[in-house]
Amino acid sequence: MSGYAGYVGRRLAQFLLVVFIGINIAYVVTHASPIDPVEQSISAVTSFGNTAPDAIEQMRKSLRELYGLGGTPVQQYLTFWKRILSADFGPSLSAFPTPVGTLIGRALPWTAGLLTVSTLIAWVLGNLLGGLAGYYRQSRGLKLMGVIAMGLHPIPYYILAMLLLILFGFIWPVLPISGGATMNLPQTLTPEFVFSVLQHAVLPALSLILIGVGSWFLGMRSLVSNVLAEDYVVYAELAGVNSWRILTSYVMRNALVPQVTGLAMSLGGIFNGAVITEKVFGYPGLGSLLVDAVYAGDYGLVLGVTTISILSVSVGVLAIDLLYPLLDPRVKVS
Amino acid sequence: MVAFIRELLRYRTEFRIGLALVAVVLLLSMMASFSPYPPDSVYVVPPDLPPSLTYWFGTTSRGQDVFWQVSFAIRNTLLFGGTVALVSRLVALAVGLVSGYKGGWVDRALMSVNDTFIVIPLLPILVLFYFVMRDRISWLMLALIMACFGWAYDARLIRSVVMSLRQREFTQTSLFSGMTTRQILTEEHLPYVVPILFSTTMNNMVWSIGLEVTLAVLGFTDINTPTIGGMIYWANQHTAMVAGIWWWIAFPTIAVIMAFIGLFLLAVSVNAHIDPRSRLWSTGEAS
Amino acid sequence: MHASVEQPHGDQEAQPLLVVRDLQAYYRTSHAGVRRGIRAVDGVSFTVRRGEIYGLAGESSSGKTTLIKSIAGAIKPPLEIVGGSMEFAFLSGYGGLHRAARAELERIRWRHLSYIMQGSMNVLNPVRRVRSSFVDFAYPHIGGSLKQFEQLVVAHLARVKLDPSVLTAFPHELSGGMRQRAALALATICRPGFIIADEPTTALDVVVQKEVLGMIRGIQRETGSSVLFVTHDMGVHAHITDRLAIMYAGRLVEEAATAEIFRNPLHPYTKNLISSLPRIGEDAPRAGLAGAPPNLADPPSGCRFHPRCPLASEICCREVPVMREASSGHRVACFAVNGGDGA
């Protein structure tokens, strides 16, 4: 058991490192600007309409504090961290005076739900089909699937999402193309609401899944063809072990191990994709929030979403890392 | 090297298709030098014309010829991807080689940082970057910051290749036969690393171009330099889809998808060809 | 270094377990449009009797791995059986495992025929416990309740001096030697009539090697299995095999009781092989064989050994020598030994 504890310790350390470096990058980026971000943000907000002068003054004060423009560089840095650790990003400028935290709290479940479900479906489906394609190399259907995966995989999220939007929004309008649920439904667990959520999730999820499946498919297929040459597979085949058993317990089971690491490593990239997909389909998650915040010049919200993104992706990676030993008993030793 | 490419051409359908696609895209981008209009002038042709013999890809609502715009855009987009790939290769190579050859705590420390860069979601950070830079953001600046983030995955790959090379027999043999470290690196190891470097370059270009298109579409880049994403951004600004000006979006999209699939196929086929097992499959030795 | 010579006699000799006749197994490749055939096994005939350990020796690329792949039915392109037959006593009428019906194969694999592979430390599935390998490999053949099966496995593990606790361990938790012994137990749990052992001890250090060889010998005696034992290591052959065949460039050149081969090698290649073995108390440098093993894509005409043979004469370049009995049970393929035209 001490082996597992050591493993968990190392993963936790890595998690803290990711968060630390991520937040520092955010700090450097926000402080690298040659222009005064406070005045710029304020002018961006005020240009939209009349804002009361005392509200502007309050904004200026909170922004100055948020940017940590007062004091020595060390003090600025520490203030920045204090803000982050207390999850206090001040009031949102674009939805004044709602706190940034509330807005993020509202958006986070949508993104988390969409991302978890579509990533899981893509991962399971891609690995299953890719595993079969690696094992049954002669199958025409699976070969064709490989060709499709190769064509789909390199297309960026935005383009694919847009193609789906055009296809199901304009050419064959059968699915809702915008929003997270029908507008005037009460957000409680009624069957109508759940159905509406699922219906609205189909297109964004589909675009995430279509791209994800391709990469898992291709990865798994080549992993399987490597595992097939391993001694334990060759031996089991020689021994006449049931071929379904060989495929599942020997080939796929071993090939899945690097795919789990792969899932952890690509979580950041998948999140990037989700941001775009949400924007395209007007999905009320973190992605839409981020993009709208930029348009509205809402500094606190942009910084908040960025920080929460780094944090939630790292938590996701940590969760996968901690589940990993279930699949690969060898980690306890190394 | 020539033999390697010839072999690829002969046995890898993916390589042939990829090369053809990339060639078409490159040709299109080189046409930009012959454009009758400067890239950023507007209202030089009648707006909103569908594709015809005069305007092959139609014209935009801003009075630009889509064909020449696509040509400029794909050139800039490829240059962008190339710049990111080049700069990030330098970092990836340095980190991968040091980590792989040094090993020990250097390796562990570098890989911890490396994995961090792999995991961090880049898009929010780039958006944040745009947010503070606003109009001062330039094409080159964006390329450099993406390069700062785009090396990690490939550094890990290069490291693992180096580690396996280090353990192979010929490394030991050449060591004992008195070759210097530099000779071993350049003469024995480089031939293995070069194809991998090539395929990671292609993949990296796919990645950075994808991100650039994404950012540009949202308007989070220097929108006055025509890129594929920038074109789609302007088309969206003029609600081209709703107005039925489909060619304004369709042609840049087709061009960039061709570039993506072409680059990706080149990467995949080179990768597969280095792997001796799949090489056997494709060259028909396992008929 | 004395082999135990136990010549099987009488009716056992009358019904051999495996008869290989004139086997030809080639690798057929077409690279860059040029079709080539590598004649890895070219006209090999031999017989493995019941209850004996039959050794097969030869340097790497002599074709011995191809030979056992063919016998084991592990024939995947580009390897092809071009001619000849391999008949097992428990599977007659097919001429080789590669032609047997699927159901037949499932019946005999592991029950009658099992393998100890080269690098057998890596034959256990790394992500599952050792027990599941035993269940996957042997339970379908043994049947009964799982509890009974497990008792059987535990009893069998004791033969290779392994504790029952290895069953709940993962392979990486065992030492190399333990994994090797677990693999040995796995290969012999069904008491198969025929075991193919391909360099089973090559990767082990000398002490463990000796122990494992002793165990193979012990289990073989107890179950009465026949073993086809393949290794390039003449020392191991001397230690464990009853009869020994020497392979060179895809053909057998000599076959006899192991002790006879060591005492009285006849073929020039065998002679060289034996005399190049180090002996305690001797420090004179040994004469190696000049030249390299031939390229099997384009083997020498006639006797494939003739370019390196000190006794080669004109006929050796023209004609292929056949295996002939030089004395009782001692066959050799050499014009210089057999004399005449060899026909």
# chains A, B, ... in the order shown; residues from 1 in each chain; ligands from 1
>>> select_by_dssp(residues="region 110-203 of chain C", states="helix (DSSP H, G or I)", output="PyMOL selection string")
chain C and resi 120-122+130-142+146-159+164-168+171-173+176-188
>>> residues_around(residues="Ser94 (chain A)", least_positions_apart="3", cutoff="8 Å", atoms="only C-alpha atoms", output="list in words")
Val45, Ala293, Ala296, Gly297 and Asp298 of chain A
>>> write_last_selection(atoms="N, CA and C atoms", output="PDB file, in the first residue's frame")
ATOM      1  N   VAL A  45     -16.020  49.264 -21.067  1.00  0.00           N
ATOM      2  CA  VAL A  45     -17.335  49.119 -20.448  1.00  0.00           C
ATOM      3  C   VAL A  45     -18.180  50.365 -20.687  1.00  0.00           C
ATOM      4  N   ALA A 293     -17.037  37.609 -22.158  1.00  0.00           N
ATOM      5  CA  ALA A 293     -16.342  38.491 -21.228  1.00  0.00           C
ATOM      6  C   ALA A 293     -15.283  39.310 -21.959  1.00  0.00           C
ATOM      7  N   ALA A 296     -16.940  42.004 -23.851  1.00  0.00           N
ATOM      8  CA  ALA A 296     -17.454  43.047 -22.975  1.00  0.00           C
ATOM      9  C   ALA A 296     -16.348  43.746 -22.192  1.00  0.00           C
ATOM     10  N   GLY A 297     -15.113  43.290 -22.360  1.00  0.00           N
ATOM     11  CA  GLY A 297     -14.005  43.909 -21.654  1.00  0.00           C
ATOM     12  C   GLY A 297     -14.033  43.655 -20.156  1.00  0.00           C
ATOM     13  N   ASP A 298     -14.559  42.513 -19.755  1.00  0.00           N
ATOM     14  CA  ASP A 298     -14.735  42.214 -18.337  1.00  0.00           C
ATOM     15  C   ASP A 298     -13.497  41.493 -17.801  1.00  0.00           C
TER      16      ASP A 298
END
>>> atom_distance(atom1="CA of Ala147 (chain B)", atom2="CA of Leu97 (chain B)")
17.8 Å
>>> atom_distance(atom1="CA of Val132 (chain B)", atom2="CA of Gly210 (chain B)")
22.1 Å
>>> residues_around(residues="Leu190 (chain B)", least_positions_apart="5", cutoff="12 Å", atoms="only C-alpha atoms", output="ChimeraX atom specification")
/B:1,93,97,158,161-162,165,182-185,195-198
>>> write_last_selection(atoms="N, CA, C and O atoms", output="short mmCIF file (atom, residue, chain, number, x, y, z; two decimals), in the first residue's frame")
data_model
loop_
_atom_site.label_atom_id
_atom_site.label_comp_id
_atom_site.auth_asym_id
_atom_site.auth_seq_id
_atom_site.Cartn_x
_atom_site.Cartn_y
_atom_site.Cartn_z
N MET B 1 18.07 9.42 -47.30
CA MET B 1 16.93 10.34 -47.18
C MET B 1 16.06 10.29 -48.44
O MET B 1 14.85 10.13 -48.37
N LEU B 93 13.35 20.09 -29.07
CA LEU B 93 14.60 19.35 -29.28
C LEU B 93 15.52 19.52 -28.06
O LEU B 93 16.08 18.54 -27.54
N LEU B 97 16.26 16.31 -25.88
CA LEU B 97 17.61 15.76 -25.92
C LEU B 97 18.26 15.80 -24.54
O LEU B 97 18.81 14.79 -24.08
N ILE B 158 10.43 13.11 -28.26
CA ILE B 158 11.85 13.09 -28.62
C ILE B 158 12.65 12.44 -27.49
O ILE B 158 13.56 11.64 -27.73
N VAL B 161 12.35 8.71 -27.65
CA VAL B 161 13.14 8.17 -28.75
C VAL B 161 14.62 8.13 -28.35
O VAL B 161 15.31 7.13 -28.54
N VAL B 162 15.08 9.23 -27.77
CA VAL B 162 16.48 9.31 -27.36
C VAL B 162 16.80 8.22 -26.35
O VAL B 162 17.81 7.53 -26.43
N LEU B 165 17.12 4.98 -28.03
CA LEU B 165 18.35 4.93 -28.85
C LEU B 165 19.57 4.70 -27.97
O LEU B 165 20.47 3.95 -28.32
N ARG B 182 29.61 13.45 -30.02
CA ARG B 182 29.01 14.25 -31.08
C ARG B 182 28.81 13.40 -32.33
O ARG B 182 27.80 13.49 -33.01
N GLN B 183 29.81 12.57 -32.62
CA GLN B 183 29.69 11.71 -33.79
C GLN B 183 28.51 10.76 -33.65
O GLN B 183 27.75 10.55 -34.60
N ILE B 184 28.38 10.19 -32.46
CA ILE B 184 27.27 9.26 -32.24
C ILE B 184 25.94 9.98 -32.45
O ILE B 184 25.04 9.48 -33.13
N LEU B 185 25.86 11.17 -31.89
CA LEU B 185 24.61 11.91 -32.00
C LEU B 185 24.28 12.21 -33.45
O LEU B 185 23.18 11.97 -33.92
N PRO B 195 13.12 11.74 -39.05
CA PRO B 195 11.73 11.49 -39.47
C PRO B 195 10.73 11.84 -38.38
O PRO B 195 9.64 12.35 -38.68
N ILE B 196 11.11 11.59 -37.13
CA ILE B 196 10.19 11.91 -36.04
C ILE B 196 10.03 13.41 -35.92
O ILE B 196 8.93 13.92 -35.72
N LEU B 197 11.13 14.11 -36.10
CA LEU B 197 11.08 15.57 -36.07
C LEU B 197 10.14 16.06 -37.16
O LEU B 197 9.34 16.97 -36.95
N PHE B 198 10.26 15.44 -38.32
CA PHE B 198 9.40 15.82 -39.43
C PHE B 198 7.94 15.62 -39.09
O PHE B 198 7.12 16.52 -39.24
#
>>> residues_around(residues="Val236 (chain C)", least_positions_apart="2", cutoff="10 Å", atoms="only C-alpha atoms", output="NGL selection string")
:C and (1 or 3 or 55 or 57 or 199 or 201-202 or 209-210 or 213 or 229-234 or 238-241)
>>> write_last_selection(atoms="all heavy atoms", output="short mmCIF file (atom, residue, chain, number, x, y, z; two decimals), in the first residue's frame")
data_model
loop_
_atom_site.label_atom_id
_atom_site.label_comp_id
_atom_site.auth_asym_id
_atom_site.auth_seq_id
_atom_site.Cartn_x
_atom_site.Cartn_y
_atom_site.Cartn_z
N MET C 1 29.82 -32.52 -17.22
CA MET C 1 29.18 -32.35 -18.53
C MET C 1 28.91 -33.70 -19.18
O MET C 1 29.35 -33.99 -20.27
CB MET C 1 30.07 -31.52 -19.45
CG MET C 1 30.16 -30.08 -19.06
SD MET C 1 28.98 -29.11 -19.95
CE MET C 1 29.88 -28.80 -21.46
N ALA C 3 25.97 -36.28 -20.42
CA ALA C 3 24.55 -36.41 -20.68
C ALA C 3 24.06 -37.73 -20.14
O ALA C 3 24.80 -38.72 -20.12
CB ALA C 3 24.30 -36.35 -22.17
N GLY C 55 16.97 -32.83 -28.66
CA GLY C 55 17.61 -31.52 -28.75
C GLY C 55 17.82 -31.09 -30.19
O GLY C 55 18.03 -31.91 -31.07
N ALA C 57 20.19 -28.25 -32.12
CA ALA C 57 21.23 -27.24 -31.92
C ALA C 57 21.58 -26.58 -33.24
O ALA C 57 21.37 -27.16 -34.31
CB ALA C 57 22.47 -27.88 -31.31
N GLU C 199 14.76 -22.12 -26.57
CA GLU C 199 15.73 -21.35 -25.79
C GLU C 199 15.16 -20.97 -24.41
O GLU C 199 15.18 -19.79 -24.05
CB GLU C 199 16.12 -20.06 -26.54
CG GLU C 199 16.65 -20.27 -27.93
CD GLU C 199 18.17 -20.41 -27.99
OE1 GLU C 199 18.80 -20.47 -26.92
OE2 GLU C 199 18.72 -20.47 -29.10
N THR C 201 16.09 -21.20 -21.44
CA THR C 201 16.93 -20.75 -20.33
C THR C 201 17.97 -19.73 -20.76
O THR C 201 18.83 -19.35 -19.97
CB THR C 201 17.67 -21.95 -19.71
OG1 THR C 201 18.42 -22.59 -20.74
CG2 THR C 201 16.70 -22.93 -19.12
N THR C 202 17.89 -19.28 -22.02
CA THR C 202 18.95 -18.42 -22.53
C THR C 202 19.12 -17.13 -21.74
O THR C 202 20.22 -16.66 -21.52
CB THR C 202 18.68 -18.09 -24.01
OG1 THR C 202 18.53 -19.33 -24.70
CG2 THR C 202 19.81 -17.31 -24.61
N GLN C 209 19.58 -21.09 -14.33
CA GLN C 209 19.49 -21.92 -15.52
C GLN C 209 19.53 -23.41 -15.14
O GLN C 209 18.71 -24.20 -15.57
CB GLN C 209 20.67 -21.59 -16.44
CG GLN C 209 20.53 -22.12 -17.84
CD GLN C 209 21.68 -21.63 -18.70
OE1 GLN C 209 22.84 -21.70 -18.31
NE2 GLN C 209 21.37 -21.13 -19.87
N LYS C 210 20.48 -23.74 -14.30
CA LYS C 210 20.66 -25.12 -13.89
C LYS C 210 19.41 -25.62 -13.17
O LYS C 210 18.92 -26.73 -13.40
CB LYS C 210 21.89 -25.21 -12.98
CG LYS C 210 22.36 -26.62 -12.75
CD LYS C 210 23.86 -26.66 -12.47
CE LYS C 210 24.32 -28.10 -12.32
NZ LYS C 210 24.29 -28.57 -10.94
N LEU C 213 16.53 -26.10 -15.62
CA LEU C 213 16.75 -27.30 -16.43
C LEU C 213 16.40 -28.56 -15.62
O LEU C 213 15.75 -29.48 -16.14
CB LEU C 213 18.20 -27.37 -16.90
CG LEU C 213 18.58 -26.40 -18.01
CD1 LEU C 213 20.06 -26.52 -18.33
CD2 LEU C 213 17.75 -26.62 -19.25
N PHE C 229 13.69 -29.72 -27.57
CA PHE C 229 14.43 -28.70 -26.84
C PHE C 229 15.39 -27.99 -27.78
O PHE C 229 16.32 -28.59 -28.31
CB PHE C 229 15.19 -29.37 -25.70
CG PHE C 229 15.63 -28.41 -24.64
CD1 PHE C 229 14.98 -28.35 -23.42
CD2 PHE C 229 16.70 -27.57 -24.86
CE1 PHE C 229 15.38 -27.47 -22.44
CE2 PHE C 229 17.11 -26.67 -23.89
CZ PHE C 229 16.45 -26.62 -22.67
N VAL C 230 15.14 -26.70 -27.98
CA VAL C 230 15.93 -25.95 -28.96
C VAL C 230 16.82 -24.94 -28.24
O VAL C 230 16.33 -24.12 -27.47
CB VAL C 230 15.01 -25.21 -29.94
CG1 VAL C 230 15.83 -24.45 -30.96
CG2 VAL C 230 14.08 -26.18 -30.62
N THR C 231 18.10 -25.04 -28.46
CA THR C 231 18.99 -23.97 -27.98
C THR C 231 20.29 -24.03 -28.76
O THR C 231 20.66 -25.06 -29.32
CB THR C 231 19.28 -24.07 -26.48
OG1 THR C 231 20.25 -23.10 -26.12
CG2 THR C 231 19.82 -25.43 -26.10
N HIS C 232 20.97 -22.90 -28.81
CA HIS C 232 22.27 -22.88 -29.48
C HIS C 232 23.38 -23.30 -28.51
O HIS C 232 24.51 -23.49 -28.90
CB HIS C 232 22.55 -21.48 -30.00
CG HIS C 232 22.74 -20.48 -28.89
ND1 HIS C 232 21.67 -19.88 -28.27
CD2 HIS C 232 23.85 -20.05 -28.26
CE1 HIS C 232 22.12 -19.10 -27.31
NE2 HIS C 232 23.44 -19.18 -27.27
N ASP C 233 22.99 -23.43 -27.23
CA ASP C 233 23.98 -23.65 -26.17
C ASP C 233 24.28 -25.15 -26.03
O ASP C 233 23.47 -25.91 -25.50
CB ASP C 233 23.41 -23.08 -24.87
CG ASP C 233 24.43 -23.09 -23.75
OD1 ASP C 233 25.38 -23.91 -23.81
OD2 ASP C 233 24.28 -22.29 -22.81
N MET C 234 25.45 -25.58 -26.51
CA MET C 234 25.78 -27.01 -26.49
C MET C 234 25.89 -27.52 -25.06
O MET C 234 25.60 -28.69 -24.78
CB MET C 234 27.10 -27.25 -27.24
CG MET C 234 27.01 -27.03 -28.73
SD MET C 234 25.78 -28.05 -29.56
CE MET C 234 26.68 -29.60 -29.70
N ALA C 238 24.10 -30.88 -23.62
CA ALA C 238 24.82 -31.96 -22.95
C ALA C 238 24.16 -32.27 -21.61
O ALA C 238 24.12 -33.42 -21.17
CB ALA C 238 26.28 -31.55 -22.72
N HIS C 239 23.60 -31.25 -21.00
CA HIS C 239 23.03 -31.38 -19.68
C HIS C 239 21.68 -32.08 -19.70
O HIS C 239 21.34 -32.82 -18.79
CB HIS C 239 22.87 -29.98 -19.09
CG HIS C 239 22.56 -29.97 -17.65
ND1 HIS C 239 23.53 -30.16 -16.68
CD2 HIS C 239 21.38 -29.83 -16.98
CE1 HIS C 239 22.96 -30.11 -15.51
NE2 HIS C 239 21.66 -29.91 -15.65
N ILE C 240 20.87 -31.84 -20.74
CA ILE C 240 19.47 -32.25 -20.61
C ILE C 240 18.95 -33.17 -21.72
O ILE C 240 18.06 -33.97 -21.48
CB ILE C 240 18.56 -30.99 -20.48
CG1 ILE C 240 17.15 -31.40 -20.06
CG2 ILE C 240 18.53 -30.20 -21.77
CD1 ILE C 240 16.30 -30.25 -19.62
N THR C 241 19.49 -33.11 -22.94
CA THR C 241 18.81 -33.83 -24.02
C THR C 241 19.26 -35.28 -24.11
O THR C 241 20.36 -35.64 -23.72
CB THR C 241 19.04 -33.15 -25.38
OG1 THR C 241 20.45 -33.12 -25.65
CG2 THR C 241 18.51 -31.75 -25.38
#
>>> decode(residues="region 244-260 of chain C", atoms="N, CA, C and O atoms", output="mmCIF file, in the first residue's frame")
data_model
loop_
_atom_site.group_PDB
_atom_site.id
_atom_site.type_symbol
_atom_site.label_atom_id
_atom_site.label_comp_id
_atom_site.auth_asym_id
_atom_site.auth_seq_id
_atom_site.Cartn_x
_atom_site.Cartn_y
_atom_site.Cartn_z
ATOM 1 N N LEU C 244 20.198 -35.653 -30.032
ATOM 2 C CA LEU C 244 20.534 -34.292 -30.437
ATOM 3 C C LEU C 244 20.692 -34.230 -31.954
ATOM 4 O O LEU C 244 21.301 -35.121 -32.561
ATOM 5 N N ALA C 245 20.076 -33.214 -32.545
ATOM 6 C CA ALA C 245 20.260 -32.982 -33.981
ATOM 7 C C ALA C 245 20.968 -31.656 -34.163
ATOM 8 O O ALA C 245 20.714 -30.704 -33.427
ATOM 9 N N ILE C 246 21.876 -31.606 -35.120
ATOM 10 C CA ILE C 246 22.595 -30.369 -35.396
ATOM 11 C C ILE C 246 22.065 -29.792 -36.696
ATOM 12 O O ILE C 246 21.958 -30.489 -37.702
ATOM 13 N N MET C 247 21.716 -28.525 -36.667
ATOM 14 C CA MET C 247 21.154 -27.888 -37.841
ATOM 15 C C MET C 247 22.149 -26.876 -38.382
ATOM 16 O O MET C 247 22.803 -26.163 -37.625
ATOM 17 N N TYR C 248 22.269 -26.852 -39.699
ATOM 18 C CA TYR C 248 23.138 -25.840 -40.308
ATOM 19 C C TYR C 248 22.461 -25.318 -41.565
ATOM 20 O O TYR C 248 22.112 -26.089 -42.460
ATOM 21 N N ALA C 249 22.265 -24.006 -41.624
ATOM 22 C CA ALA C 249 21.729 -23.332 -42.812
ATOM 23 C C ALA C 249 20.470 -24.003 -43.346
ATOM 24 O O ALA C 249 20.346 -24.255 -44.540
ATOM 25 N N GLY C 250 19.541 -24.317 -42.450
ATOM 26 C CA GLY C 250 18.252 -24.810 -42.894
ATOM 27 C C GLY C 250 18.165 -26.314 -43.078
ATOM 28 O O GLY C 250 17.134 -26.827 -43.469
ATOM 29 N N ARG C 251 19.268 -27.025 -42.814
ATOM 30 C CA ARG C 251 19.217 -28.483 -42.959
ATOM 31 C C ARG C 251 19.815 -29.159 -41.741
ATOM 32 O O ARG C 251 20.663 -28.573 -41.058
ATOM 33 N N LEU C 252 19.386 -30.416 -41.499
ATOM 34 C CA LEU C 252 20.049 -31.182 -40.453
ATOM 35 C C LEU C 252 21.343 -31.741 -41.037
ATOM 36 O O LEU C 252 21.377 -32.190 -42.177
ATOM 37 N N VAL C 253 22.409 -31.689 -40.243
ATOM 38 C CA VAL C 253 23.663 -32.273 -40.741
ATOM 39 C C VAL C 253 24.039 -33.526 -39.962
ATOM 40 O O VAL C 253 24.754 -34.386 -40.476
ATOM 41 N N GLU C 254 23.536 -33.633 -38.732
ATOM 42 C CA GLU C 254 23.898 -34.820 -37.963
ATOM 43 C C GLU C 254 22.875 -35.041 -36.864
ATOM 44 O O GLU C 254 22.294 -34.088 -36.332
ATOM 45 N N GLU C 255 22.649 -36.310 -36.514
ATOM 46 C CA GLU C 255 21.719 -36.627 -35.440
ATOM 47 C C GLU C 255 22.171 -37.914 -34.780
ATOM 48 O O GLU C 255 22.487 -38.891 -35.457
ATOM 49 N N ALA C 256 22.203 -37.903 -33.430
ATOM 50 C CA ALA C 256 22.578 -39.127 -32.698
ATOM 51 C C ALA C 256 22.212 -38.927 -31.236
ATOM 52 O O ALA C 256 21.758 -37.836 -30.841
ATOM 53 N N ALA C 257 22.416 -39.972 -30.451
ATOM 54 C CA ALA C 257 22.268 -39.805 -29.009
ATOM 55 C C ALA C 257 23.247 -38.717 -28.575
ATOM 56 O O ALA C 257 24.356 -38.607 -29.102
ATOM 57 N N THR C 258 22.788 -37.915 -27.610
ATOM 58 C CA THR C 258 23.590 -36.750 -27.242
ATOM 59 C C THR C 258 25.023 -37.131 -26.844
ATOM 60 O O THR C 258 25.995 -36.514 -27.297
ATOM 61 N N ALA C 259 25.132 -38.185 -26.043
ATOM 62 C CA ALA C 259 26.464 -38.603 -25.594
ATOM 63 C C ALA C 259 27.339 -39.003 -26.782
ATOM 64 O O ALA C 259 28.528 -38.694 -26.839
ATOM 65 N N GLU C 260 26.699 -39.663 -27.747
ATOM 66 C CA GLU C 260 27.426 -40.108 -28.939
ATOM 67 C C GLU C 260 27.957 -38.906 -29.728
ATOM 68 O O GLU C 260 29.096 -38.896 -30.180
#
